[in-house]
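J.: For reference, this is start21.txt, and it has compact mmCIF, C-alpha atoms.
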# COMPACT_ATOMS: atom_id res chain seq x y z
CA MET A 1 -39.76 -8.65 86.78
CA ALA A 2 -42.84 -9.06 88.99
CA GLU A 3 -42.71 -12.83 88.53
CA LEU A 4 -39.05 -12.94 89.50
CA LEU A 5 -39.52 -10.81 92.61
CA LEU A 6 -42.54 -12.81 93.76
CA ALA A 7 -40.53 -16.01 93.39
CA LYS A 8 -37.90 -14.48 95.67
CA GLY A 9 -40.45 -13.66 98.36
CA TYR A 10 -40.85 -9.94 97.73
CA GLU A 11 -44.00 -7.95 98.33
CA VAL A 12 -44.51 -6.36 94.92
CA PHE A 13 -46.20 -3.08 94.09
CA GLY A 14 -46.92 -2.33 90.44
CA VAL A 15 -47.54 1.23 89.26
CA VAL A 16 -50.05 1.65 86.45
CA ARG A 17 -51.70 4.66 84.83
CA ARG A 18 -55.40 4.95 85.47
CA SER A 19 -57.53 4.61 82.34
CA SER A 20 -61.14 3.89 81.45
CA SER A 21 -60.25 0.36 80.38
CA GLN A 22 -57.60 -1.59 82.25
CA ASN A 23 -54.93 -3.42 80.27
CA VAL A 24 -53.69 -6.15 82.60
CA GLY A 25 -53.40 -8.98 80.08
CA ARG A 26 -49.72 -9.55 80.80
CA ILE A 27 -50.24 -9.88 84.56
CA GLU A 28 -53.60 -11.64 84.79
CA HIS A 29 -51.91 -14.78 86.11
CA ILE A 30 -50.36 -12.88 89.07
CA ILE A 31 -52.88 -10.05 89.55
CA ASP A 32 -53.97 -11.42 92.92
CA ARG A 33 -50.37 -11.54 94.15
CA VAL A 34 -49.30 -7.97 93.41
CA ASN A 35 -50.43 -4.64 94.82
CA ILE A 36 -51.59 -2.27 92.11
CA THR A 37 -51.19 1.44 92.77
CA TYR A 38 -52.08 4.23 90.38
CA ALA A 39 -49.64 6.91 89.31
CA ASP A 40 -48.14 8.56 86.25
CA LEU A 41 -44.48 9.37 85.71
CA THR A 42 -45.47 12.80 84.38
CA ASP A 43 -47.29 13.72 87.60
CA SER A 44 -45.20 14.46 90.70
CA SER A 45 -47.99 14.27 93.25
CA SER A 46 -49.14 10.83 92.10
CA ILE A 47 -45.56 9.52 92.17
CA GLU A 48 -45.07 10.89 95.68
CA HIS A 49 -48.31 9.25 96.81
CA ALA A 50 -47.37 5.89 95.25
CA VAL A 51 -43.92 5.89 96.84
CA LYS A 52 -45.34 6.74 100.28
CA GLU A 53 -47.87 3.93 99.91
CA CYS A 54 -45.17 1.39 99.02
CA ALA A 55 -42.26 2.63 101.18
CA PRO A 56 -40.05 0.64 98.76
CA HIS A 57 -36.69 -0.94 99.50
CA GLU A 58 -36.08 -1.34 95.77
CA ILE A 59 -37.50 0.52 92.77
CA TYR A 60 -37.26 -0.83 89.23
CA ASN A 61 -38.05 2.04 86.87
CA LEU A 62 -39.10 0.24 83.70
CA GLY A 63 -41.68 2.83 82.72
CA ALA A 64 -40.87 4.68 79.51
CA MET A 65 -42.07 6.02 76.21
CA SER A 66 -40.04 3.32 74.49
CA PHE A 67 -41.10 3.07 70.84
CA VAL A 68 -38.35 4.92 68.96
CA PRO A 69 -40.40 6.07 65.91
CA ALA A 70 -43.10 7.50 68.20
CA SER A 71 -40.48 9.58 70.02
CA TRP A 72 -40.20 11.72 66.90
CA ASN A 73 -43.94 12.42 66.98
CA GLN A 74 -44.04 13.02 70.74
CA PRO A 75 -40.60 14.33 71.72
CA LEU A 76 -41.81 16.46 74.65
CA LEU A 77 -43.78 13.60 76.18
CA THR A 78 -40.79 11.30 75.61
CA PHE A 79 -38.52 13.62 77.61
CA ASP A 80 -41.10 14.17 80.34
CA VAL A 81 -41.65 10.45 80.91
CA ASN A 82 -38.14 9.14 80.31
CA CYS A 83 -36.03 11.80 82.03
CA LEU A 84 -38.20 13.89 84.34
CA GLY A 85 -40.15 10.77 85.33
CA LEU A 86 -36.96 9.30 86.76
CA LEU A 87 -36.16 12.57 88.56
CA ARG A 88 -39.61 12.52 90.18
CA LEU A 89 -39.00 8.96 91.39
CA ILE A 90 -35.55 9.80 92.76
CA GLU A 91 -36.81 12.79 94.71
CA ALA A 92 -39.96 11.07 95.98
CA SER A 93 -38.02 8.04 97.24
CA GLU A 94 -35.22 9.98 98.96
CA PRO A 95 -36.82 9.78 102.45
CA PHE A 96 -36.95 5.99 102.15
CA ASN A 97 -33.38 5.67 100.82
CA SER A 98 -34.74 3.26 98.19
CA LYS A 99 -32.32 1.49 95.88
CA ILE A 100 -33.19 2.38 92.29
CA TYR A 101 -32.66 0.48 89.07
CA GLN A 102 -33.00 2.67 85.99
CA ALA A 103 -33.70 1.06 82.62
CA SER A 104 -31.19 2.62 80.25
CA THR A 105 -30.95 1.56 76.62
CA SER A 106 -28.53 0.67 73.86
CA GLU A 107 -30.19 3.42 71.80
CA MET A 108 -28.00 5.86 73.75
CA TYR A 109 -25.07 4.73 71.61
CA GLY A 110 -26.61 5.51 68.24
CA ASN A 111 -24.11 4.34 65.63
CA SER A 112 -21.06 5.23 67.79
CA TYR A 113 -20.66 2.34 70.24
CA PRO A 114 -19.05 2.46 72.81
CA GLU A 115 -19.45 6.26 72.81
CA PHE A 116 -22.83 7.73 73.65
CA LYS A 117 -24.16 9.57 70.58
CA PRO A 118 -27.93 8.95 70.44
CA ILE A 119 -29.76 9.85 67.23
CA SER A 120 -33.41 9.90 68.33
CA PRO A 121 -35.42 11.81 70.95
CA TYR A 122 -35.86 8.47 72.72
CA GLY A 123 -32.12 7.81 72.91
CA ILE A 124 -31.36 11.39 73.94
CA SER A 125 -34.00 11.36 76.70
CA LYS A 126 -32.60 8.09 78.04
CA LEU A 127 -29.05 9.49 78.02
CA ALA A 128 -30.24 12.51 80.02
CA ALA A 129 -31.75 10.11 82.57
CA HIS A 130 -28.54 8.05 82.54
CA ASN A 131 -26.59 11.19 83.45
CA LEU A 132 -29.04 11.89 86.28
CA VAL A 133 -28.25 8.43 87.66
CA ASN A 134 -24.53 9.19 87.70
CA ALA A 135 -25.06 12.57 89.38
CA TYR A 136 -27.27 11.23 92.16
CA ARG A 137 -24.97 8.26 92.73
CA LEU A 138 -22.14 10.72 93.37
CA GLN A 139 -24.41 12.30 95.99
CA GLY A 140 -24.63 8.97 97.81
CA ARG A 141 -27.82 7.39 96.45
CA PHE A 142 -27.80 3.69 95.58
CA ILE A 143 -28.86 4.04 91.98
CA CYS A 144 -27.63 2.33 88.84
CA SER A 145 -28.45 1.99 85.16
CA GLY A 146 -28.74 -1.26 83.29
CA ILE A 147 -27.99 -0.50 79.65
CA CYS A 148 -30.31 -3.03 78.10
CA PHE A 149 -29.92 -4.17 74.56
CA ASN A 150 -33.03 -5.46 72.77
CA HIS A 151 -34.90 -7.73 75.17
CA GLU A 152 -37.71 -9.72 73.59
CA SER A 153 -40.38 -12.20 74.62
CA PRO A 154 -43.84 -13.31 73.51
CA ARG A 155 -45.15 -10.30 75.50
CA ARG A 156 -43.46 -7.84 73.14
CA GLY A 157 -45.77 -5.13 71.76
CA ASN A 158 -47.23 -5.80 68.31
CA GLU A 159 -45.65 -2.66 66.83
CA PHE A 160 -42.10 -4.04 67.27
CA VAL A 161 -40.54 -5.88 64.35
CA THR A 162 -39.81 -9.12 66.24
CA LYS A 163 -43.44 -9.52 67.32
CA LYS A 164 -44.63 -8.48 63.88
CA ILE A 165 -42.60 -11.30 62.33
CA ALA A 166 -43.67 -13.83 64.97
CA ASN A 167 -47.35 -12.99 64.48
CA TYR A 168 -47.05 -13.32 60.72
CA ALA A 169 -45.21 -16.64 60.98
CA LYS A 170 -48.21 -18.10 62.79
CA ASN A 171 -50.70 -16.63 60.31
CA PRO A 172 -48.95 -15.88 56.97
CA VAL A 173 -51.70 -14.05 55.13
CA GLY A 174 -50.71 -11.65 52.34
CA LYS A 175 -47.31 -9.99 52.35
CA LEU A 176 -45.27 -9.14 55.43
CA ARG A 177 -44.13 -5.54 55.01
CA LEU A 178 -40.87 -4.64 56.74
CA GLY A 179 -38.26 -1.92 56.58
CA ASN A 180 -34.47 -2.32 56.74
CA LEU A 181 -33.75 -6.06 56.67
CA SER A 182 -30.04 -5.47 57.26
CA ALA A 183 -30.51 -3.76 60.63
CA SER A 184 -28.71 -5.86 63.26
CA ARG A 185 -29.47 -6.03 66.96
CA ASP A 186 -28.24 -7.77 70.08
CA TRP A 187 -31.43 -9.68 70.91
CA GLY A 188 -31.93 -11.49 74.21
CA PHE A 189 -34.75 -12.91 76.31
CA ALA A 190 -36.44 -10.43 78.66
CA GLY A 191 -36.84 -13.16 81.29
CA ASP A 192 -33.05 -13.49 81.44
CA TYR A 193 -32.49 -9.75 81.54
CA VAL A 194 -34.65 -9.08 84.60
CA GLU A 195 -32.38 -11.42 86.56
CA ALA A 196 -29.47 -9.11 85.78
CA MET A 197 -31.54 -6.10 86.86
CA HIS A 198 -32.21 -7.72 90.22
CA LEU A 199 -28.56 -8.67 90.68
CA MET A 200 -27.49 -5.06 90.12
CA LEU A 201 -29.44 -3.93 93.18
CA GLN A 202 -27.93 -6.69 95.34
CA GLN A 203 -24.35 -5.43 94.92
CA VAL A 204 -22.47 -3.66 97.71
CA VAL A 205 -21.47 -0.78 95.44
CA PRO A 206 -23.90 0.44 92.75
CA GLN A 207 -22.56 0.53 89.21
CA ASP A 208 -23.91 0.68 85.69
CA CYS A 209 -23.50 -2.22 83.30
CA GLU A 210 -24.66 -3.48 79.94
CA ILE A 211 -27.23 -6.25 79.83
CA ALA A 212 -26.82 -8.04 76.53
CA SER A 213 -26.19 -11.37 74.86
CA GLY A 214 -22.92 -10.28 73.26
CA GLU A 215 -24.17 -11.43 69.84
CA THR A 216 -25.66 -9.51 66.94
CA HIS A 217 -28.18 -10.77 64.39
CA SER A 218 -29.94 -9.11 61.48
CA ILE A 219 -33.65 -9.04 60.78
CA ARG A 220 -32.86 -11.48 57.97
CA ASP A 221 -31.43 -13.86 60.59
CA PHE A 222 -34.62 -13.53 62.61
CA LEU A 223 -36.68 -14.28 59.50
CA ASP A 224 -34.57 -17.32 58.60
CA ILE A 225 -35.59 -19.01 61.86
CA ALA A 226 -39.14 -17.72 62.22
CA LEU A 227 -40.17 -18.03 58.56
CA PRO A 228 -37.70 -20.10 56.49
CA ASP A 229 -39.50 -19.35 53.19
CA TRP A 230 -39.72 -15.63 53.95
CA LYS A 231 -38.17 -14.40 50.69
CA ASP A 232 -41.41 -15.09 48.84
CA LYS A 233 -43.53 -13.50 51.56
CA VAL A 234 -41.68 -10.36 52.68
CA GLU A 235 -42.02 -7.01 50.96
CA VAL A 236 -39.65 -4.15 51.78
CA ASP A 237 -41.63 -1.00 52.53
CA ASP A 238 -39.55 2.17 52.61
CA SER A 239 -42.10 3.86 54.87
CA PHE A 240 -40.88 1.63 57.71
CA LYS A 241 -37.27 2.78 57.30
CA ARG A 242 -36.00 5.40 59.73
CA LYS A 243 -34.08 8.43 58.51
CA ASN A 244 -31.81 8.13 61.54
CA GLU A 245 -31.33 4.37 61.61
CA VAL A 246 -29.12 2.61 64.13
CA ASN A 247 -27.53 0.03 61.88
CA VAL A 248 -25.79 -2.37 64.27
CA LEU A 249 -25.99 -2.88 68.04
CA LYS A 250 -23.91 -5.37 70.00
CA GLY A 251 -23.38 -5.26 73.75
CA ASP A 252 -20.69 -6.42 76.15
CA PRO A 253 -22.18 -8.39 79.07
CA THR A 254 -18.80 -8.93 80.78
CA LYS A 255 -19.55 -6.75 83.81
CA ALA A 256 -22.98 -8.35 84.30
CA MET A 257 -21.38 -11.79 84.09
CA HIS A 258 -18.89 -10.80 86.78
CA MET A 259 -21.92 -10.34 89.05
CA GLY A 260 -22.87 -13.97 88.38
CA TRP A 261 -25.33 -13.42 85.53
CA GLU A 262 -25.48 -15.20 82.21
CA PRO A 263 -28.21 -15.39 79.56
CA LYS A 264 -29.85 -18.81 79.32
CA VAL A 265 -32.01 -18.49 76.18
CA SER A 266 -30.14 -18.49 72.86
CA PHE A 267 -31.15 -16.41 69.85
CA PRO A 268 -32.70 -19.36 67.94
CA GLU A 269 -34.55 -20.45 71.09
CA LEU A 270 -35.87 -16.92 71.58
CA VAL A 271 -37.20 -16.69 68.03
CA ARG A 272 -38.90 -20.09 68.25
CA MET A 273 -40.38 -19.15 71.64
CA MET A 274 -41.91 -16.01 70.19
CA VAL A 275 -43.40 -17.87 67.23
CA ASN A 276 -44.68 -20.84 69.22
CA GLU A 277 -46.26 -18.84 72.03
Could I get this file's structure written as structure tokens?
T.:
Amino acid sequence: MAELLLAKGYEVFGVVRRSSSQNVGRIEHIIDRVNITYADLTDSSSIEHAVKECAPHEIYNLGAMSFVPASWNQPLLTFDVNCLGLLRLIEASEPFNSKIYQASTSEMYGNSYPEFKPISPYGISKLAAHNLVNAYRLQGRFICSGICFNHESPRRGNEFVTKKIANYAKNPVGKLRLGNLSASRDWGFAGDYVEAMHLMLQQVVPQDCEIASGETHSIRDFLDIALPDWKDKVEVDDSFKRKNEVNVLKGDPTKAMHMGWEPKVSFPELVRMMVNE
């Protein structure tokens, strides 16, 4: 997102949490072109300070506790960051009348698409935030939710299955232990998806929409491209299977396409990109 906004001539502020060791590996190549400000979505005063410092025209709230299994271990933190964090941003930015993009998620659907019936603390917290967006929009704020389906890239965290497979494909030592190989997702390229996020804030009237490829592929499909001889190298480990598993996710990008957006990177291209990079 920062790369896209810089290319469009924006002055970009990035909010990071202060820690004893900085993790800026993903932005090292643009670190001298962005303004880093310190804040935490769980802390109102720091959010207020960051917003005053930036006086933002547009806010892209991509901060979240986003690893679904971890949301079961840290449900209170998940709600604080994912729902109350958004509320803190909305309230802090009200004097500046900032446009706000909220990163919603396909996990809000659970196994009941197109009806919202989330089955994890992560999905439930995101649905609560999604409802906040609708309420504040009715009050006149320019705020919208992009319901993102799985968006991947070589920058994906190592704990996610796509990155786990890509890493193994480059260094196939021992067995690759995975969970439910039949789980199917609508996978797209994160670089494409941020373009849709930006477009949503350029509309005259704010509205929510799904950001997706419109295709669904299983983990087996991902393996077929990343590691063609995977059947001899993959071991199913039941400890990686979720009790509340979302079996299939497939989005409808029609509304996003009506705004002029379309994904450029295909599923096979995405998998090869993740392995090669």
J.: I'd like the neighbourhood of Lys52 (chain A) as a list of chain:residue names, where a residue qualifies if any of its atoms comes within 10 Å (using only C-alpha atoms), though same-chain residues fewer than 3 positions away should be ignored.
T.: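 The neighbour list is A:Ser46, A:Ile47, A:Glu48, A:His49, A:Ala55, A:Pro56, A:Ala92, A:Ser93, A:Pro95, A:Phe96.
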J.: Which residues of region 62-151 of chain A sit at most 10 Å from region 156-168 of chain A, using only C-alpha atoms? Give each one's shortest atom pair and distance in Å (one decimal place), in chain and ascending residue order, as a tab-separated table.
T.:
residue	atom	partner	partner_atom	distance
A:Phe67	CA	A:Phe160	CA	8.0
A:Val68	CA	A:Phe160	CA	9.9
A:His151	CA	A:Arg156	CA	8.8
J.: Restricting it to C-alpha atoms, dump the selection as an mmCIF file, keeping the file's coordinate frame.
T.:
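Final file, result.cif:
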data_model
loop_
_atom_site.group_PDB
_atom_site.id
_atom_site.type_symbol
_atom_site.label_atom_id
_atom_site.label_comp_id
_atom_site.auth_asym_id
_atom_site.auth_seq_id
_atom_site.Cartn_x
_atom_site.Cartn_y
_atom_site.Cartn_z
ATOM 1 C CA PHE A 67 -41.100 3.070 70.840
ATOM 2 C CA VAL A 68 -38.350 4.920 68.960
ATOM 3 C CA HIS A 151 -34.900 -7.730 75.170
#
J.: Counting all atoms listed in the file, which residue out of A:Met65, A:Met274, A:Leu77, A:Ala2 sits closest to Asn35 (chain A)?
T.: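 Of all the options, A:Ala2 lies closest to Asn35 (chain A).
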J.: Using the file's own x, y and z axes, what box holds all listed atoms of region 110-116 of chain A with 3 Å on each side, keeping edges along x, y and z, and what are its centre and edge lengths in Å to one decimal, as AutoDock Vina command-line options?
T.:
--center_x -22.8 --center_y 5.0 --center_z 69.6 --size_x 13.6 --size_y 11.4 --size_z 14.0
J.: Compile a residue-level contact table for region 135-211 of chain A against region 217-231 of chain A at a cut-off of 10 Å, reporting for every qualifying residue the shortest atom pair and its distance in Å to one decimal, with all atoms listed in the file counted, rows ordered by chain and ascending number, as JSON lines.
T.:
{"residue": "A:Val161", "atom": "CA", "partner": "A:Ile219", "partner_atom": "CA", "distance": 8.4}
{"residue": "A:Thr162", "atom": "CA", "partner": "A:Phe222", "partner_atom": "CA", "distance": 7.7}
{"residue": "A:Ile165", "atom": "CA", "partner": "A:Leu223", "partner_atom": "CA", "distance": 7.2}
{"residue": "A:Ala166", "atom": "CA", "partner": "A:Ala226", "partner_atom": "CA", "distance": 6.6}
{"residue": "A:Asn167", "atom": "CA", "partner": "A:Ala226", "partner_atom": "CA", "distance": 9.7}
{"residue": "A:Tyr168", "atom": "CA", "partner": "A:Leu227", "partner_atom": "CA", "distance": 8.6}
{"residue": "A:Ala169", "atom": "CA", "partner": "A:Leu227", "partner_atom": "CA", "distance": 5.8}
{"residue": "A:Lys170", "atom": "CA", "partner": "A:Leu227", "partner_atom": "CA", "distance": 9.1}
{"residue": "A:Pro172", "atom": "CA", "partner": "A:Leu227", "partner_atom": "CA", "distance": 9.2}
{"residue": "A:Lys175", "atom": "CA", "partner": "A:Trp230", "partner_atom": "CA", "distance": 9.6}
{"residue": "A:Leu176", "atom": "CA", "partner": "A:Trp230", "partner_atom": "CA", "distance": 8.7}
{"residue": "A:Leu178", "atom": "CA", "partner": "A:Ile219", "partner_atom": "CA", "distance": 9.4}
{"residue": "A:Gly179", "atom": "CA", "partner": "A:Ile219", "partner_atom": "CA", "distance": 9.5}
{"residue": "A:Asn180", "atom": "CA", "partner": "A:Ile219", "partner_atom": "CA", "distance": 7.9}
{"residue": "A:Leu181", "atom": "CA", "partner": "A:Ile219", "partner_atom": "CA", "distance": 5.1}
{"residue": "A:Ser182", "atom": "CA", "partner": "A:Ser218", "partner_atom": "CA", "distance": 5.6}
{"residue": "A:Ala183", "atom": "CA", "partner": "A:Ser218", "partner_atom": "CA", "distance": 5.4}
{"residue": "A:Ser184", "atom": "CA", "partner": "A:Ser218", "partner_atom": "CA", "distance": 3.9}
{"residue": "A:Arg185", "atom": "CA", "partner": "A:His217", "partner_atom": "CA", "distance": 5.5}
{"residue": "A:Asp186", "atom": "CA", "partner": "A:His217", "partner_atom": "CA", "distance": 6.4}
{"residue": "A:Trp187", "atom": "CA", "partner": "A:His217", "partner_atom": "CA", "distance": 7.4}
J.: Using CA of Thr105 (chain A) and CA of His29 (chain A) as the two end points, give the distance in Å to one decimal.
T.: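 It comes out at 28.2 Å.
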J.: To one decimal place, how far is CA of Gly174 (chain A) from CA of Lys233 (chain A) in Å?
T.: 7.5 Å
J.: Asp40 (chain A): which residues within 10 Å, counting all atoms listed in the file, same-chain residues fewer than 4 positions away excluded, as a ChimeraX atom specification?
T.: /A:15-18,44-47,50,63,81,85
J.: State, in Å with one decimal place, the distance from CA of Phe116 (chain A) to CA of Lys255 (chain A).
T.: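 Between these atoms lies a distance of 18.0 Å.
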J.: For Glu245 (chain A), which residue out of A:Gly14, A:Pro118, A:Gln22, A:Leu4 is the nearest one, using all atoms listed in the file?
T.: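 Among the listed residues, A:Pro118 lies closest to Glu245 (chain A).
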J.: I'd like a table as JSON lines: residues in region 133-167 of chain A with an atom no more than 12 Å from region 121-126 of chain A, each row giving the shortest atom pair and its distance in Å to one decimal, all atoms listed in the file counted, sorted by chain and rising residue number.
T.:
{"residue": "A:Val133", "atom": "CA", "partner": "A:Lys126", "partner_atom": "CA", "distance": 10.6}
{"residue": "A:Ser145", "atom": "CA", "partner": "A:Lys126", "partner_atom": "CA", "distance": 10.3}
{"residue": "A:Gly146", "atom": "CA", "partner": "A:Lys126", "partner_atom": "CA", "distance": 11.4}
{"residue": "A:Ile147", "atom": "CA", "partner": "A:Lys126", "partner_atom": "CA", "distance": 9.9}
{"residue": "A:Cys148", "atom": "CA", "partner": "A:Lys126", "partner_atom": "CA", "distance": 11.4}
J.: What residues have an atom no more than 9 Å from (-30.9, -16.5, 70.1) in the file's own frame, counting only C-alpha atoms, and can you write them as number ranges by chain?
T.: A: 187-189, 213, 215, 217, 222, 265-272
